[in-house]
>>> print(open('start.txt').read())   # compact mmCIF, C-alpha atoms
# COMPACT_ATOMS: atom_id res chain seq x y z
CA MET A 1 19.98 7.29 0.28
CA SER A 2 22.08 8.20 -2.76
CA SER A 3 23.36 4.61 -3.02
CA SER A 4 19.77 3.34 -3.15
CA PHE A 5 18.97 5.73 -6.00
CA SER A 6 22.11 4.75 -7.85
CA LEU A 7 21.21 1.06 -7.49
CA ILE A 8 17.73 1.73 -8.87
CA LEU A 9 19.11 3.67 -11.85
CA ARG A 10 21.91 1.22 -12.54
CA ASP A 11 20.09 -2.13 -12.26
CA ASN A 12 17.49 -2.83 -14.95
CA ARG A 13 15.85 -5.50 -12.78
CA ILE A 14 15.11 -2.80 -10.20
CA ARG A 15 14.68 0.21 -12.47
CA ILE A 16 11.88 -1.18 -14.67
CA PRO A 17 9.62 -2.33 -11.77
CA ALA A 18 10.33 0.96 -9.96
CA VAL A 19 9.39 3.16 -12.93
CA THR A 20 6.34 0.97 -13.58
CA LEU A 21 5.24 1.45 -9.97
CA VAL A 22 5.46 5.23 -10.44
CA ALA A 23 3.15 4.91 -13.46
CA LEU A 24 0.89 2.47 -11.60
CA ALA A 25 0.40 5.01 -8.80
CA PHE A 26 -1.52 7.18 -11.27
CA THR A 27 -4.12 4.43 -11.71
CA TYR A 28 -4.83 4.50 -7.96
CA ALA A 29 -4.59 8.26 -7.52
CA SER A 30 -6.67 9.03 -10.61
CA THR A 31 -9.64 6.96 -9.51
CA ALA A 32 -9.71 6.48 -5.72
CA PRO A 33 -10.86 10.06 -4.87
CA TYR A 34 -13.69 9.96 -7.44
CA GLN A 35 -14.93 6.36 -7.38
CA SER A 36 -17.76 6.95 -4.91
CA ILE A 37 -18.79 10.18 -6.67
CA ILE A 38 -19.07 8.38 -10.01
CA GLY A 39 -20.76 5.27 -8.61
CA ILE A 40 -23.33 7.01 -6.40
CA ASN A 41 -23.84 10.51 -7.79
CA GLU A 42 -23.33 9.95 -11.52
CA LEU A 43 -24.48 6.34 -12.04
CA GLY A 44 -27.15 6.16 -9.33
CA LEU A 45 -25.90 3.27 -7.16
CA SER A 46 -27.38 3.21 -3.67
CA ASP A 47 -25.13 3.60 -0.64
CA GLY A 48 -25.69 -0.06 0.27
CA ALA A 49 -24.93 -1.28 -3.24
CA TYR A 50 -21.77 0.78 -3.42
CA SER A 51 -20.59 -0.45 0.00
CA ALA A 52 -21.14 -4.05 -1.08
CA LEU A 53 -19.26 -3.38 -4.32
CA VAL A 54 -16.25 -1.99 -2.43
CA PHE A 55 -16.27 -4.93 0.00
CA PHE A 56 -16.39 -7.64 -2.66
CA SER A 57 -13.87 -5.78 -4.80
CA ALA A 58 -11.46 -5.89 -1.86
CA ILE A 59 -11.99 -9.65 -1.54
CA VAL A 60 -11.32 -10.14 -5.27
CA ASN A 61 -8.12 -8.10 -4.89
CA VAL A 62 -6.86 -10.30 -2.03
CA VAL A 63 -7.75 -13.56 -3.80
CA THR A 64 -6.15 -12.37 -7.06
CA SER A 65 -2.97 -11.20 -5.34
CA LEU A 66 -2.54 -14.46 -3.42
CA THR A 67 -3.28 -16.60 -6.47
CA LEU A 68 -0.97 -14.69 -8.80
CA GLY A 69 1.70 -14.45 -6.12
CA ILE A 70 1.81 -18.24 -5.78
CA TRP A 71 1.70 -18.69 -9.53
CA SER A 72 4.42 -16.13 -10.20
CA ASP A 73 6.85 -18.00 -7.92
CA ARG A 74 6.62 -20.93 -10.34
CA LEU A 75 7.52 -18.82 -13.39
CA LYS A 76 10.93 -17.77 -14.63
CA GLU A 77 9.64 -14.26 -15.30
CA ARG A 78 6.73 -12.21 -13.99
CA ARG A 79 6.63 -10.17 -17.18
CA PRO A 80 3.67 -12.03 -18.82
CA LEU A 81 1.57 -11.54 -15.68
CA VAL A 82 2.38 -7.82 -15.46
CA LEU A 83 1.47 -7.40 -19.14
CA SER A 84 -1.83 -9.27 -18.65
CA LEU A 85 -2.80 -7.23 -15.60
CA SER A 86 -1.91 -4.01 -17.42
CA VAL A 87 -4.33 -5.03 -20.19
CA ALA A 88 -6.98 -5.65 -17.52
CA GLY A 89 -6.35 -2.12 -16.26
CA MET A 90 -6.66 -0.61 -19.72
CA LEU A 91 -9.95 -2.42 -20.29
CA GLY A 92 -11.37 -1.81 -16.82
CA PHE A 93 -10.53 1.86 -16.45
CA GLY A 94 -11.09 2.60 -20.13
CA SER A 95 -14.55 1.03 -20.24
CA ILE A 96 -15.72 3.14 -17.27
CA ALA A 97 -14.39 6.28 -18.95
CA LEU A 98 -16.04 5.54 -22.30
CA ILE A 99 -19.27 3.76 -21.33
CA HIS A 100 -21.34 5.49 -18.64
CA SER A 101 -23.21 2.41 -17.51
CA PRO A 102 -23.83 1.09 -13.98
CA ALA A 103 -23.36 -2.49 -15.24
CA ILE A 104 -19.96 -1.67 -16.77
CA PHE A 105 -18.92 0.22 -13.64
CA ILE A 106 -19.85 -2.70 -11.39
CA PHE A 107 -18.17 -5.32 -13.62
CA SER A 108 -14.96 -3.33 -14.01
CA THR A 109 -14.76 -2.31 -10.34
CA LEU A 110 -15.50 -5.84 -9.18
CA LEU A 111 -13.16 -7.74 -11.52
CA LEU A 112 -10.88 -5.80 -13.86
CA VAL A 113 -9.79 -3.00 -11.51
CA PRO A 114 -8.81 -5.39 -8.66
CA MET A 115 -6.81 -7.38 -11.20
CA SER A 116 -5.00 -4.20 -12.21
CA ASN A 117 -4.37 -3.38 -8.54
CA SER A 118 -2.65 -6.77 -8.12
CA THR A 119 0.15 -5.42 -10.31
CA TYR A 120 1.42 -3.63 -7.19
CA SER A 121 2.21 -6.93 -5.44
CA LEU A 122 3.80 -8.46 -8.53
CA LEU A 123 6.11 -5.50 -9.05
CA PHE A 124 7.28 -5.57 -5.44
CA ALA A 125 7.72 -9.35 -5.79
CA SER A 126 10.02 -8.70 -8.74
CA LEU A 127 11.97 -6.23 -6.65
CA ARG A 128 12.18 -8.72 -3.80
CA ALA A 129 13.53 -11.42 -6.11
CA ARG A 130 16.36 -9.05 -6.98
CA THR A 131 16.99 -7.64 -3.48
CA ASN A 132 17.17 -11.21 -2.12
CA GLN A 133 20.58 -11.25 -3.82
CA MET A 134 21.72 -8.17 -1.86
CA GLU A 135 22.74 -7.55 1.72
CA ARG A 136 19.57 -7.38 3.86
CA GLY A 137 19.86 -3.74 4.87
CA GLN A 138 20.66 -2.62 1.36
CA GLY A 139 17.66 -4.48 -0.03
CA ALA A 140 15.36 -2.94 2.60
CA ALA A 141 16.66 0.55 1.73
CA VAL A 142 15.97 -0.03 -1.98
CA THR A 143 12.43 -1.23 -1.21
CA ALA A 144 11.74 1.82 0.99
CA THR A 145 13.08 4.16 -1.70
CA VAL A 146 10.86 2.62 -4.37
CA ARG A 147 7.86 2.88 -2.03
CA ALA A 148 8.72 6.55 -1.50
CA LEU A 149 8.71 7.12 -5.28
CA PHE A 150 5.29 5.45 -5.43
CA SER A 151 4.02 7.81 -2.72
CA GLY A 152 5.45 10.82 -4.53
CA SER A 153 3.58 9.90 -7.68
CA TRP A 154 0.43 9.32 -5.61
CA ALA A 155 0.79 12.76 -4.03
CA LEU A 156 1.29 14.50 -7.37
CA ALA A 157 -1.54 12.92 -9.35
CA PRO A 158 -4.70 14.07 -7.48
CA GLY A 159 -3.77 17.74 -7.70
CA LEU A 160 -3.01 17.59 -11.41
CA ILE A 161 -6.16 15.62 -12.15
CA GLY A 162 -8.23 17.92 -9.96
CA LEU A 163 -7.05 20.91 -12.00
CA TYR A 164 -7.81 19.07 -15.24
CA LEU A 165 -11.34 18.18 -14.12
CA ALA A 166 -12.09 21.47 -12.35
CA ASN A 167 -14.70 22.54 -14.93
CA SER A 168 -15.85 19.07 -15.96
CA SER A 169 -19.44 17.95 -15.41
CA SER A 170 -18.29 14.34 -14.97
CA MET A 171 -15.44 12.68 -13.10
CA THR A 172 -15.20 9.71 -15.51
CA PRO A 173 -12.31 11.25 -17.52
CA ALA A 174 -10.18 10.42 -14.46
CA TYR A 175 -10.62 6.76 -15.39
CA GLY A 176 -9.36 7.58 -18.88
CA ILE A 177 -6.16 8.90 -17.28
CA ALA A 178 -5.90 5.65 -15.29
CA ALA A 179 -6.29 3.67 -18.53
CA ILE A 180 -3.43 5.67 -20.08
CA ALA A 181 -1.30 4.96 -16.98
CA SER A 182 -2.05 1.23 -17.39
CA CYS A 183 -1.00 1.50 -21.03
CA ILE A 184 2.30 3.08 -19.93
CA CYS A 185 2.84 0.16 -17.51
CA PHE A 186 2.22 -2.25 -20.39
CA CYS A 187 4.66 -0.43 -22.69
CA LEU A 188 7.39 -0.29 -20.03
CA TYR A 189 7.28 -4.06 -19.54
CA PHE A 190 6.67 -4.88 -23.20
CA PHE A 191 9.57 -2.83 -24.60
CA PHE A 192 12.09 -2.63 -21.76
CA ALA A 193 11.63 -5.70 -19.55
CA PRO A 194 12.17 -8.69 -21.94
CA GLY A 195 14.70 -11.11 -20.52
CA ASN A 196 15.70 -8.91 -17.57
CA GLY A 197 15.02 -11.77 -15.16
CA THR A 198 12.72 -9.85 -12.85
CA ALA A 199 11.38 -13.05 -11.34
CA GLY A 200 14.75 -14.51 -10.56
CA PRO A 201 15.46 -18.25 -10.61
CA ALA A 202 12.25 -20.25 -10.32
CA PRO A 203 12.10 -22.33 -7.12
CA ASP A 204 11.19 -25.99 -7.04
CA PRO A 205 7.53 -26.38 -8.03
CA VAL A 206 5.22 -26.49 -5.02
CA GLY A 207 1.50 -27.14 -5.21
CA PHE A 208 -0.98 -24.27 -4.88
CA VAL A 209 -2.61 -25.62 -1.71
CA ALA A 210 0.76 -26.30 -0.08
CA SER A 211 1.85 -22.73 -0.83
CA LEU A 212 -1.43 -21.28 0.43
CA LYS A 213 -1.09 -23.21 3.70
CA ARG A 214 2.07 -21.24 4.43
CA VAL A 215 0.00 -18.04 4.60
CA PHE A 216 -2.25 -19.54 7.27
CA MET A 217 0.52 -21.00 9.42
CA PRO A 218 0.09 -19.50 12.92
CA ASN A 219 3.54 -17.88 13.02
CA VAL A 220 2.83 -16.12 9.71
CA LEU A 221 -0.85 -15.26 10.12
CA ILE A 222 -0.50 -13.75 13.61
CA ARG A 223 2.25 -11.43 12.34
CA VAL A 224 0.11 -10.42 9.36
CA VAL A 225 -2.67 -9.51 11.80
CA VAL A 226 -0.27 -7.42 13.91
CA MET A 227 0.93 -5.63 10.76
CA ALA A 228 -2.71 -5.09 9.81
CA MET A 229 -3.39 -3.52 13.21
CA LEU A 230 -0.60 -1.02 12.58
CA PHE A 231 -1.75 -0.37 9.01
CA GLY A 232 -5.26 0.12 10.38
CA LEU A 233 -4.00 3.14 12.35
CA GLN A 234 -3.20 4.93 9.08
CA ARG A 235 -6.58 4.01 7.61
CA LEU A 236 -8.30 5.16 10.81
CA ASN A 237 -6.52 8.49 10.54
CA ALA A 238 -7.74 8.82 6.95
CA MET A 239 -11.31 8.54 8.29
CA LEU A 240 -10.82 10.76 11.35
CA LEU A 241 -8.58 13.56 10.14
CA PRO A 242 -11.07 15.27 7.78
CA LEU A 243 -13.78 15.02 10.45
CA ILE A 244 -11.59 16.42 13.22
CA ILE A 245 -10.37 19.22 10.97
CA THR A 246 -13.90 20.31 10.03
CA HIS A 247 -15.50 19.71 13.45
CA ALA A 248 -13.26 19.86 16.53
CA ALA A 249 -10.59 22.06 14.90
CA GLY A 250 -13.04 24.30 13.06
CA GLY A 251 -11.16 24.08 9.75
CA SER A 252 -12.43 23.79 6.17
CA VAL A 253 -12.29 21.30 3.31
CA VAL A 254 -9.44 23.40 1.90
CA ASP A 255 -7.42 22.51 5.00
CA VAL A 256 -8.31 18.83 4.47
CA GLY A 257 -6.93 18.79 0.93
CA PHE A 258 -3.87 20.88 1.77
CA ILE A 259 -2.90 18.73 4.76
CA ALA A 260 -3.42 15.50 2.81
CA GLY A 261 -1.15 16.69 -0.01
CA LEU A 262 1.55 18.00 2.33
CA THR A 263 1.54 14.79 4.36
CA ALA A 264 1.96 12.65 1.24
CA LEU A 265 4.89 14.76 0.03
CA LEU A 266 6.59 14.74 3.44
CA GLU A 267 6.26 10.96 3.63
CA MET A 268 8.80 10.54 0.81
CA PRO A 269 11.97 11.64 2.65
CA PHE A 270 10.81 9.90 5.82
CA MET A 271 10.34 6.61 3.92
CA MET A 272 13.91 6.84 2.68
CA MET A 273 15.04 7.65 6.22
CA TRP A 274 13.33 4.52 7.57
CA GLY A 275 14.91 2.50 4.76
CA MET A 276 18.36 3.70 5.81
CA ALA A 277 17.55 2.86 9.43
CA GLN A 278 16.90 -0.75 8.41
CA ARG A 279 20.54 -1.03 7.39
CA ARG A 280 21.57 -0.65 11.03
CA PHE A 281 18.61 -1.94 13.04
CA ARG A 282 16.20 -4.86 12.88
CA THR A 283 13.11 -4.26 10.74
CA ALA A 284 10.74 -4.99 13.64
CA HIS A 285 12.46 -2.45 15.89
CA VAL A 286 12.42 0.24 13.19
CA LEU A 287 8.72 -0.41 12.60
CA ALA A 288 7.92 -0.38 16.33
CA PHE A 289 9.65 2.99 16.78
CA GLY A 290 7.89 4.49 13.75
CA ALA A 291 4.53 3.16 14.89
CA LEU A 292 5.11 4.61 18.36
CA ILE A 293 5.62 8.03 16.75
CA TYR A 294 2.31 7.55 14.93
CA CYS A 295 0.55 6.64 18.17
CA ALA A 296 1.89 9.86 19.69
CA TYR A 297 0.50 11.72 16.68
CA LEU A 298 -2.97 10.16 17.13
CA LEU A 299 -2.90 10.99 20.83
CA LEU A 300 -2.08 14.65 20.13
CA LEU A 301 -4.62 14.73 17.29
CA GLY A 302 -7.30 14.01 19.84
CA PHE A 303 -6.44 17.30 21.60
CA ALA A 304 -6.49 19.42 18.41
CA SER A 305 -8.93 22.33 18.68
CA THR A 306 -7.75 24.75 15.97
CA PRO A 307 -6.37 24.23 12.43
CA TRP A 308 -2.83 25.26 13.41
CA HIS A 309 -2.72 22.32 15.83
CA ILE A 310 -3.22 19.98 12.85
CA TYR A 311 -0.53 21.75 10.82
CA ALA A 312 1.84 21.54 13.79
CA LEU A 313 1.41 17.75 13.74
CA LEU A 314 2.30 17.41 10.03
CA LEU A 315 5.86 16.19 10.55
CA LEU A 316 4.82 13.73 13.26
CA ASN A 317 2.01 12.45 11.01
CA ALA A 318 4.24 12.03 7.96
CA CYS A 319 7.10 10.46 9.91
CA GLY A 320 4.94 7.79 11.55
CA ALA A 321 2.81 7.12 8.48
CA ALA A 322 5.96 6.66 6.37
CA ALA A 323 7.09 3.86 8.68
CA ILE A 324 3.69 2.15 8.72
CA LEU A 325 3.36 2.30 4.93
CA SER A 326 6.89 1.32 3.87
CA VAL A 327 8.63 -0.81 6.51
CA PRO A 328 5.96 -3.58 6.63
CA ILE A 329 6.66 -4.40 2.97
CA THR A 330 10.06 -5.82 3.91
CA TYR A 331 8.72 -7.36 7.14
CA LEU A 332 5.91 -9.22 5.35
CA GLN A 333 8.20 -10.37 2.55
CA ASP A 334 10.61 -11.74 5.16
CA LEU A 335 7.86 -13.97 6.58
CA ILE A 336 8.05 -16.14 3.43
CA ALA A 337 11.43 -15.00 2.16
CA ASP A 338 12.02 -17.90 -0.23
CA ARG A 339 8.81 -17.15 -2.18
CA PRO A 340 8.90 -13.49 -3.32
CA GLY A 341 5.48 -13.65 -4.98
CA LEU A 342 3.71 -15.34 -2.08
CA GLY A 343 5.47 -13.22 0.52
CA THR A 344 4.63 -9.98 -1.28
CA SER A 345 0.99 -11.02 -1.74
CA LEU A 346 0.69 -10.76 2.06
CA ILE A 347 0.62 -6.98 1.49
CA SER A 348 -2.86 -7.28 -0.03
CA LEU A 349 -4.04 -9.49 2.82
CA ASN A 350 -2.56 -6.99 5.28
CA THR A 351 -4.39 -4.12 3.57
CA PHE A 352 -7.72 -5.98 3.60
CA ILE A 353 -7.52 -6.93 7.27
CA GLY A 354 -6.17 -3.50 8.25
CA THR A 355 -9.04 -1.69 6.54
CA GLY A 356 -11.49 -3.91 8.44
CA ILE A 357 -9.71 -3.19 11.73
CA ALA A 358 -9.84 0.55 11.02
CA ALA A 359 -13.58 0.34 10.34
CA GLY A 360 -14.04 -1.57 13.60
CA LEU A 361 -12.01 0.95 15.62
CA PHE A 362 -13.96 3.81 14.06
CA ALA A 363 -17.29 2.15 14.89
CA LEU A 364 -16.16 1.37 18.44
CA GLY A 365 -14.72 4.81 19.08
CA THR A 366 -17.65 6.78 17.69
CA SER A 367 -20.10 4.64 19.67
CA LEU A 368 -18.29 5.48 22.91
CA THR A 369 -17.11 9.04 22.32
CA ASP A 370 -16.60 11.72 19.64
CA TYR A 371 -14.10 11.87 16.76
CA SER A 372 -11.33 13.24 18.97
CA GLY A 373 -11.90 10.47 21.50
CA THR A 374 -11.73 7.91 18.70
CA ALA A 375 -8.18 9.11 18.01
CA PHE A 376 -7.34 8.12 21.60
CA VAL A 377 -8.88 4.68 20.96
CA GLY A 378 -6.66 4.32 17.88
CA ALA A 379 -3.54 5.33 19.81
CA SER A 380 -4.32 2.74 22.51
CA ALA A 381 -4.83 0.00 19.89
CA GLY A 382 -1.53 1.01 18.28
CA VAL A 383 0.41 0.69 21.54
CA ALA A 384 -1.11 -2.79 22.03
CA ALA A 385 -0.05 -3.77 18.48
CA ILE A 386 3.50 -2.51 19.10
CA ALA A 387 3.70 -4.54 22.31
CA ALA A 388 2.47 -7.64 20.45
CA LEU A 389 5.05 -7.10 17.69
CA LEU A 390 7.95 -6.77 20.11
CA TYR A 391 6.78 -9.80 22.07
CA LEU A 392 6.49 -11.96 18.94
CA GLU A 393 9.92 -10.91 17.69
CA SER A 394 11.61 -11.47 21.05
CA GLU A 395 9.96 -14.91 21.20
CA ARG A 396 11.16 -15.75 17.68
CA ARG A 397 14.68 -14.57 18.50
CA GLN A 398 14.80 -16.74 21.62
CA ALA A 399 13.56 -19.72 19.59
CA ARG A 400 16.47 -19.27 17.16
CA GLN A 401 19.11 -19.25 19.90
CA PRO A 402 20.92 -22.56 20.25
CA ALA A 403 20.20 -24.53 23.38
>>> encode(input="start.txt", output="structure tokens")
Amino acid sequence: MSSSFSLILRDNRIRIPAVTLVALAFTYASTAPYQSIIGINELGLSDGAYSALVFFSAIVNVVTSLTLGIWSDRLKERRPLVLSLSVAGMLGFGSIALIHSPAIFIFSTLLLVPMSNSTYSLLFASLRARTNQMERGQGAAVTATVRALFSGSWALAPGLIGLYLANSSSMTPAYGIAAIASCICFCLYFFFAPGNGTAGPAPDPVGFVASLKRVFMPNVLIRVVVMAMLFGLQRLNAMLLPLIITHAAGGSVVDVGFIAGLTALLEMPFMMMWGMAQRRFRTAHVLAFGALIYCAYLLLLGFASTPWHIYALLLLNACGAAAILSVPITYLQDLIADRPGLGTSLISLNTFIGTGIAAGLFALGTSLTDYSGTAFVGASAGVAAIAALLYLESERRQARQPA
């Protein structure tokens, strides 16, 4: 753990993307909790219009991440792209904060904000280009540590912003904070990243279509879907947990906020623990074990009937979620290891598919049973995904063995 921190502090090609990711987390955490409130309550969008906006925004995010990921692999440095996307963030978040207009909100949320969100993939691509030059386990530990720092920033921001906006009649100042965070990202790369080689040596030029085809190769796409199924468990929990707390467990919205904050903070040390585990064990096996812990958490969540049951599951929740959120970064990057930008852009595709799977599991579960029963449905789907992952990896390992 300490060696990962020392590497981050010592190596400028790791330190600058890592610090920028910490700043970038504030753009997510400042806006995600309040986006629906601003869009529907303050600007008057209908539920249907807002749902459509979120859906198409997610598509723009995936398309942008894939496109920029392919493009970035053909550049010597990713710095110009990070600077451009930071400007998009400043304009997108800033315009919503300053101009209270439904048209501006829709335009920024549909185009500029997804562009800003694509910075996440580019920064992890820069890290991957550097960790490709390290021993595999060491690189995985560094990636997990940086992801833990991102989570820590994410956990800190909502509480601070909530205190700042406690007496405000509008939530739009939160977007002003996100614009400032985007400005900090821009300054970090503008003043401290020149010539630090974050992109690594540029590979031989490959056409856009040829690169995109690699994403849709069966051996890659099926693994992305399996990763998305596991990620969908965490998204499903985000939907279910507040409902189970306030219904089956008889808790309050105070419990919802407190548990969410505690879980996010506890995820940090667990992410670093999973990163260290990848030094000794295969990434797929580490992920399978972590996901199994999360399935056990979902199973027990379905039996929760009082608030203390939820609090008793905090460590299990944080431990499993940390694996599902951090370990797949390395796994997905390994699928197209020679193209850091393209491989890292799979994270956005994984998120998009996983969110859809979570919505499907929620709809299926609630149509058959109650919220607690839906947690059982999620646990069952998770076990199936773990079995598929282990089967695919054993098959790939056998294929690599010499005849």
>>> axis_aligned_box(input="start.txt", around="range 207-218 of chain A", padding_each_side="4 Å", output="AutoDock Vina command-line options")
--center_x -0.3 --center_y -22.6 --center_z 3.9 --size_x 12.7 --size_y 17.1 --size_z 26.1
>>> closest_residue(input="start.txt", among="A:Leu66, A:Ala179, A:Ala387, A:Ala29", to="Ala288 in chain A", atoms="all atoms listed in the file")
A:Ala387
>>> residues_around(input="start.txt", residues="range 42-50 of chain A", least_positions_apart="2", cutoff="12 Å", atoms="all atoms listed in the file", output="number ranges by chain")
A: 34-40, 52-57, 96, 99-106, 109-110, 169-172
>>> closest_residue(input="start.txt", among="A:Ala384, A:Leu349, A:Ala312, A:Val82", to="Val63 in chain A", atoms="only C-alpha atoms")
A:Leu349
>>> atom_distance(input="start.txt", atom1="CA of Arg13 in chain A", atom2="CA of Ser126 in chain A")
7.8 Å
>>> atom_distance(input="start.txt", atom1="CA of Ile293 in chain A", atom2="CA of Ala277 in chain A")
14.9 Å
>>> residues_around(input="start.txt", residues="Ile161 in chain A", least_positions_apart="6", cutoff="9 Å", atoms="all atoms listed in the file", output="short mmCIF file (atom, residue, chain, number, x, y, z; two decimals) with C-alpha atoms, in the coordinates of the input")
data_model
loop_
_atom_site.label_atom_id
_atom_site.label_comp_id
_atom_site.auth_asym_id
_atom_site.auth_seq_id
_atom_site.Cartn_x
_atom_site.Cartn_y
_atom_site.Cartn_z
CA ALA A 29 -4.59 8.26 -7.52
CA SER A 30 -6.67 9.03 -10.61
CA ALA A 174 -10.18 10.42 -14.46
CA ILE A 177 -6.16 8.90 -17.28
#
>>> residues_around(input="start.txt", residues="Thr246 in chain A", least_positions_apart="6", cutoff="9 Å", atoms="all atoms listed in the file", output="JSON, numbers by chain")
{"A": [252, 253, 255, 256, 307]}
>>> closest_residue(input="start.txt", among="A:Ile357, A:Ala321, A:Met273, A:Ala248", to="Gly373 in chain A", atoms="all atoms listed in the file")
A:Ala248
>>> closest_residue(input="start.txt", among="A:Thr374, A:Leu9, A:Val22, A:Pro340", to="Ala148 in chain A", atoms="only C-alpha atoms")
A:Val22
>>> atom_distance(input="start.txt", atom1="CA of His285 in chain A", atom2="CA of Val220 in chain A")
17.8 Å
>>> residues_around(input="start.txt", residues="Ser121 in chain A", least_positions_apart="3", cutoff="7 Å", atoms="only C-alpha atoms", output="list in words")
Ser65, Ser118, Phe124, Ala125, Thr344 and Ser345 of chain A
>>> closest_residue(input="start.txt", among="A:Leu149, A:Met227, A:Ser372, A:Ala144", to="Ser326 in chain A", atoms="all atoms listed in the file")
A:Ala144
>>> residues_around(input="start.txt", residues="Gly365 in chain A", least_positions_apart="3", cutoff="9 Å", atoms="all atoms listed in the file", output="PyMOL selection string")
chain A and resi 360-362+368-371+373-378
